[in-house]
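Working notes, structure below.
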Amino acid sequence: MTAATIINGKQISEEIREGIALEVQQLSKQGVRPGLAVVLVGDDPASHVYVRNKEKACHDLGFYSEVHRLPADSSQEEVLALVDKLNKQSSIHGILVQLPLPGHIQEKAVIDAIAVEKDVDGFHPVNVGNLVIGDDSLLPCTPAGVIELIKRTGVEISGKHAVVIGRSNIVGKPVSLLLQRENATVTMCHSRTSNMPEIAKQADILVVAIGRANMIDASYVKPGAVIIDVGMNRLENGKLAGDVDFASVKEISGPITPVPGGVGPMTITMLMKNTLLAAKRLSGIE
Ligand code: NAP
């Protein structure tokens, strides 16, 4: 069998960003500049890296951006007051509160406070509900990136059997809903699933989001299946590993995402796409 195609998430992400940058130029002629506000509470080092990457993406694409770095002991009321201010600020079209928040702040209360039309992470219950019933909504970024990567392989999703391993609210569940929207037949697996290799082996499209380094080996994979690995696991040696054992799986799979360089780069790109969309909608352009 010939070696699997590697799905180059970095390159696909760059292509999408070029399109976004062009749209930003067009919008500027109508006096609109997409604006993203990121709220970061506390000192989590990984969160600081993610926020810097988002700031850079805004800068590169010509977006207006604000980053609000609040101390770890900020009260929930202070965070809610900031969200309220950003909800009303016309230069801001997207609001992202970087998770996790410190333990004394209820994440749900903060997410629920974000204006639905500025919820570019797609985590507000109204956006989640609209996704479930198939209405227009701002889609969660990583799941939207997963679907985009599958589409870019050229493999038709409609009619295929997709298996999603992992049922979190931020990845597994929305991915399964988006795959159903694309007319796949979807099976969900999770930590209580029996016979997971047998089920996964039926998948034409296998999406893995469990947070277990290299767990999914070739025994879970049907030859030729599309493999999307959402996992991002930091190994003891400092390297990043996916949930899929890339080396063994790529020997039998169809198109497959690497880690890093697969799903990861798509998440911020989809955030930028959502912010652009929110800017157009809030400006009455779409
Ligand atoms: P999560 O909230 O911890 O959910 C993990 C899911 O996997 C749960 O549904 C859990 O089942 C299931 N699971 C755990 N161990 C399992 C096992 N041995 N067999 C079958 N299912 C198992 O994780 P998450 O937030 O969805 O993230 C998953 C991975 O994606 C992590 O590595 C994370 O870092 C990565 N991620 C990457 C991006 C990106 O931008 N690339 C974005 C988000 C997340 P139960 O529900 O039964 O507990």
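Numbering starts fresh at 1 for the residues of each chain in the structure tokens, the chains themselves are lettered A, B, ... in the order given, and ligands are numbered from 1 as they appear.
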- Spatial neighbours of Ile105 of chain A, 10 Å, only C-alpha atoms, chain gap at least 4 places, as a count of residues only: 13
- Task: Name each residue within 10 Å of ligand 1, counting only C-alpha atoms and all ligand atoms, as JSON, numbers by chain.
- Result: {"A": [50, 140, 141, 142, 143, 145, 146, 164, 165, 166, 167, 168, 169, 170, 171, 172, 173, 188, 189, 190, 191, 192, 193, 194, 196, 197, 208, 209, 210, 211, 212, 213, 215, 216, 229, 230, 231, 232, 233, 234, 240, 241, 242, 243, 259, 260, 261, 262, 263, 264, 265, 266, 267, 268]}
- What residues in segment 94-151 of chain A get the DSSP label alpha helix (DSSP H)? Please answer as a list in words.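 Answer for segment 94-151 of chain A, restricted to alpha helix (DSSP H): Glu107, Lys108, Ala109, Val110, Ile111, Asp112, Ala113, Pro125, Val126, Asn127, Val128, Gly129, Asn130, Leu131, Val132, Ile133, Cys141, Thr142, Pro143, Ala144, Gly145, Val146, Ile147, Glu148, Leu149, Ile150 and Lys151 of chain A.
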- Which residues come within 12 Å of Gln30 of chain A, counting only C-alpha atoms, excluding same-chain residues fewer than 6 positions away, as a ChimeraX atom specification? /A:23-24,279-280,283-285
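Take atom CA of Ala4 of chain A and atom CA of Ala203 of chain A: the distance between them is 16.2 Å.
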All strand (DSSP E or B) positions in segment 128-275 of chain A, as a CSV table (one decimal) with C-alpha atoms, in the first residue's frame:
```csv
chain,number,residue,atom,x,y,z
A,161,HIS,CA,-19.7,6.3,8.4
A,162,ALA,CA,-17.9,8.7,10.8
A,163,VAL,CA,-16.8,7.6,14.2
A,164,VAL,CA,-15.9,10.3,16.8
A,165,ILE,CA,-13.9,9.2,19.8
A,185,THR,CA,-23.8,8.5,9.7
A,186,VAL,CA,-22.1,9.2,13.1
A,187,THR,CA,-21.2,6.9,15.9
A,188,MET,CA,-19.8,8.4,19.2
A,189,CYS,CA,-17.3,6.6,21.4
A,205,ILE,CA,-13.8,9.0,8.8
A,206,LEU,CA,-12.3,8.7,12.3
A,207,VAL,CA,-12.0,11.8,14.5
A,208,VAL,CA,-10.2,11.4,17.7
A,216,ILE,CA,-5.3,5.0,18.8
A,226,VAL,CA,-9.5,9.5,6.9
A,227,ILE,CA,-7.9,10.2,10.3
A,228,ILE,CA,-8.3,13.5,12.1
A,229,ASP,CA,-6.4,13.7,15.3
A,233,ASN,CA,-0.6,15.9,24.6
A,234,ARG,CA,2.6,17.2,26.1
A,240,LEU,CA,3.7,17.3,21.5
A,241,ALA,CA,1.9,14.1,20.6
A,244,VAL,CA,-3.3,8.8,17.3
A,256,ILE,CA,-4.2,11.8,8.1
```
Excluding same-chain residues fewer than 5 positions from Leu271 of chain A, what lies within 10 Å of it counting only C-alpha atoms, as a PDB file with N, CA, C and O atoms, in the first residue's frame?
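The resulting file, selection14.pdb, is shown below:
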```
ATOM      1  N   LEU A  36     -11.376  41.961  17.604  1.00  0.00           N
ATOM      2  CA  LEU A  36     -11.462  40.829  18.538  1.00  0.00           C
ATOM      3  C   LEU A  36     -10.928  41.252  19.901  1.00  0.00           C
ATOM      4  O   LEU A  36      -9.834  41.825  19.994  1.00  0.00           O
ATOM      5  N   LYS A  54      -3.130  34.486  19.271  1.00  0.00           N
ATOM      6  CA  LYS A  54      -4.362  35.108  18.758  1.00  0.00           C
ATOM      7  C   LYS A  54      -4.104  36.584  18.434  1.00  0.00           C
ATOM      8  O   LYS A  54      -4.551  37.098  17.410  1.00  0.00           O
ATOM      9  N   ALA A  57      -2.209  36.718  15.201  1.00  0.00           N
ATOM     10  CA  ALA A  57      -3.078  36.443  14.046  1.00  0.00           C
ATOM     11  C   ALA A  57      -3.884  37.693  13.703  1.00  0.00           C
ATOM     12  O   ALA A  57      -4.027  38.050  12.529  1.00  0.00           O
ATOM     13  N   CYS A  58      -4.391  38.388  14.722  1.00  0.00           N
ATOM     14  CA  CYS A  58      -5.146  39.626  14.489  1.00  0.00           C
ATOM     15  C   CYS A  58      -4.266  40.651  13.789  1.00  0.00           C
ATOM     16  O   CYS A  58      -4.667  41.276  12.801  1.00  0.00           O
ATOM     17  N   GLY A  94     -15.935  40.392  18.183  1.00  0.00           N
ATOM     18  CA  GLY A  94     -15.782  39.057  18.757  1.00  0.00           C
ATOM     19  C   GLY A  94     -15.167  39.156  20.145  1.00  0.00           C
ATOM     20  O   GLY A  94     -14.254  39.955  20.373  1.00  0.00           O
ATOM     21  N   LEU A  96     -13.560  36.728  23.198  1.00  0.00           N
ATOM     22  CA  LEU A  96     -13.121  35.389  23.584  1.00  0.00           C
ATOM     23  C   LEU A  96     -12.576  35.443  25.004  1.00  0.00           C
ATOM     24  O   LEU A  96     -11.670  36.238  25.289  1.00  0.00           O
ATOM     25  N   VAL A 120     -17.495  34.394  19.475  1.00  0.00           N
ATOM     26  CA  VAL A 120     -16.729  33.795  18.373  1.00  0.00           C
ATOM     27  C   VAL A 120     -16.103  32.446  18.735  1.00  0.00           C
ATOM     28  O   VAL A 120     -15.578  31.758  17.854  1.00  0.00           O
ATOM     29  N   ASP A 121     -16.160  32.047  19.995  1.00  0.00           N
ATOM     30  CA  ASP A 121     -15.738  30.692  20.381  1.00  0.00           C
ATOM     31  C   ASP A 121     -16.869  29.690  20.147  1.00  0.00           C
ATOM     32  O   ASP A 121     -16.641  28.483  20.145  1.00  0.00           O
ATOM     33  N   GLY A 122     -18.087  30.198  19.986  1.00  0.00           N
ATOM     34  CA  GLY A 122     -19.249  29.328  19.745  1.00  0.00           C
ATOM     35  C   GLY A 122     -19.659  28.508  20.954  1.00  0.00           C
ATOM     36  O   GLY A 122     -20.282  27.458  20.804  1.00  0.00           O
ATOM     37  N   LEU A 138     -22.645  30.876  15.261  1.00  0.00           N
ATOM     38  CA  LEU A 138     -21.183  30.932  15.214  1.00  0.00           C
ATOM     39  C   LEU A 138     -20.702  29.553  15.679  1.00  0.00           C
ATOM     40  O   LEU A 138     -21.053  29.101  16.769  1.00  0.00           O
ATOM     41  N   LEU A 139     -19.919  28.882  14.838  1.00  0.00           N
ATOM     42  CA  LEU A 139     -19.527  27.493  15.122  1.00  0.00           C
ATOM     43  C   LEU A 139     -18.286  27.451  15.997  1.00  0.00           C
ATOM     44  O   LEU A 139     -17.382  28.283  15.836  1.00  0.00           O
ATOM     45  N   PRO A 140     -18.201  26.482  16.908  1.00  0.00           N
ATOM     46  CA  PRO A 140     -16.984  26.359  17.709  1.00  0.00           C
ATOM     47  C   PRO A 140     -15.780  26.091  16.795  1.00  0.00           C
ATOM     48  O   PRO A 140     -15.891  25.372  15.800  1.00  0.00           O
ATOM     49  N   CYS A 141     -14.645  26.711  17.152  1.00  0.00           N
ATOM     50  CA  CYS A 141     -13.534  26.828  16.193  1.00  0.00           C
ATOM     51  C   CYS A 141     -12.859  25.501  15.860  1.00  0.00           C
ATOM     52  O   CYS A 141     -12.641  25.193  14.677  1.00  0.00           O
ATOM     53  N   THR A 142     -12.493  24.714  16.871  1.00  0.00           N
ATOM     54  CA  THR A 142     -11.776  23.466  16.579  1.00  0.00           C
ATOM     55  C   THR A 142     -12.670  22.505  15.768  1.00  0.00           C
ATOM     56  O   THR A 142     -12.220  21.979  14.743  1.00  0.00           O
ATOM     57  N   ALA A 144     -15.127  23.243  13.764  1.00  0.00           N
ATOM     58  CA  ALA A 144     -15.255  23.785  12.401  1.00  0.00           C
ATOM     59  C   ALA A 144     -13.979  23.510  11.607  1.00  0.00           C
ATOM     60  O   ALA A 144     -14.029  23.185  10.416  1.00  0.00           O
ATOM     61  N   GLY A 145     -12.835  23.602  12.278  1.00  0.00           N
ATOM     62  CA  GLY A 145     -11.553  23.316  11.623  1.00  0.00           C
ATOM     63  C   GLY A 145     -11.449  21.854  11.198  1.00  0.00           C
ATOM     64  O   GLY A 145     -10.922  21.537  10.122  1.00  0.00           O
ATOM     65  N   MET A 266      -5.605  25.188  12.659  1.00  0.00           N
ATOM     66  CA  MET A 266      -6.929  25.562  12.148  1.00  0.00           C
ATOM     67  C   MET A 266      -7.767  26.297  13.183  1.00  0.00           C
ATOM     68  O   MET A 266      -8.655  27.078  12.832  1.00  0.00           O
ATOM     69  N   LEU A 276     -14.522  37.690  11.590  1.00  0.00           N
ATOM     70  CA  LEU A 276     -14.849  38.372  10.332  1.00  0.00           C
ATOM     71  C   LEU A 276     -16.356  38.286  10.067  1.00  0.00           C
ATOM     72  O   LEU A 276     -17.007  39.288   9.735  1.00  0.00           O
ATOM     73  N   LEU A 277     -16.909  37.087  10.238  1.00  0.00           N
ATOM     74  CA  LEU A 277     -18.341  36.879  10.013  1.00  0.00           C
ATOM     75  C   LEU A 277     -19.170  37.733  10.971  1.00  0.00           C
ATOM     76  O   LEU A 277     -20.140  38.396  10.564  1.00  0.00           O
TER      77      LEU A 277
END
```
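Separating atom CA of His59 of chain A from atom CA of Lys273 of chain A is a distance of 14.1 Å.
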- Have a look at atom CA of Val38 of chain A and atom CA of Val51 of chain A and let me know their distance in Å, one decimal. 7.3 Å
- Message: I need the residue nearest Ser65 of chain A from this list: A:Leu282, A:Ile12, A:Val39, A:Ile20. Use only C-alpha atoms for the distance.
- Response: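 Checking each of A:Leu282, A:Ile12, A:Val39, A:Ile20 against Ser65 of chain A, counting only C-alpha atoms, the winner is A:Val39.
Within the 8 Å cut-off around Glu182 of chain A, using only C-alpha atoms and omitting residues fewer than 2 positions from it on the same chain, the listed residues are A:Ile157, A:Ser158, A:Leu178, A:Leu179, A:Gln180, A:Ala184.
Comparing A:Lys151, A:Lys118, A:Lys108, A:Arg17 by their smallest distance to Gly62 of chain A, the closest is A:Arg17 (using only C-alpha atoms).
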- Residue nearest Val221 of chain A - candidates A:Asp245, A:Glu236, A:Asp43, A:Glu14, atoms counted: only C-alpha atoms: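 Selected residue with least distance to Val221 of chain A: A:Asp245.
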- Val116 of chain A surroundings by only C-alpha atoms, 8 Å radius, close-in-sequence under 2 positions cut, as a list of chain:residue names: A:Ile114, A:Lys118, A:Asp119, A:His124, A:Val126, A:Asn127
- Tell me which protein, DNA and RNA residues are within 10 Å of Ala37 of chain A, counting only C-alpha atoms, leaving out same-chain ones fewer than 4 positions away, and put them as a list in words.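 Final neighbour list, sorted by chain and number: Lys54, Glu55, Tyr64, Ser65, Glu66, Val67, His68, Val83, Leu86, Asn87, Ser91, Ile92, His93, Gly94, Ile95, Leu96, Val97, Lys118 and Thr275 of chain A.
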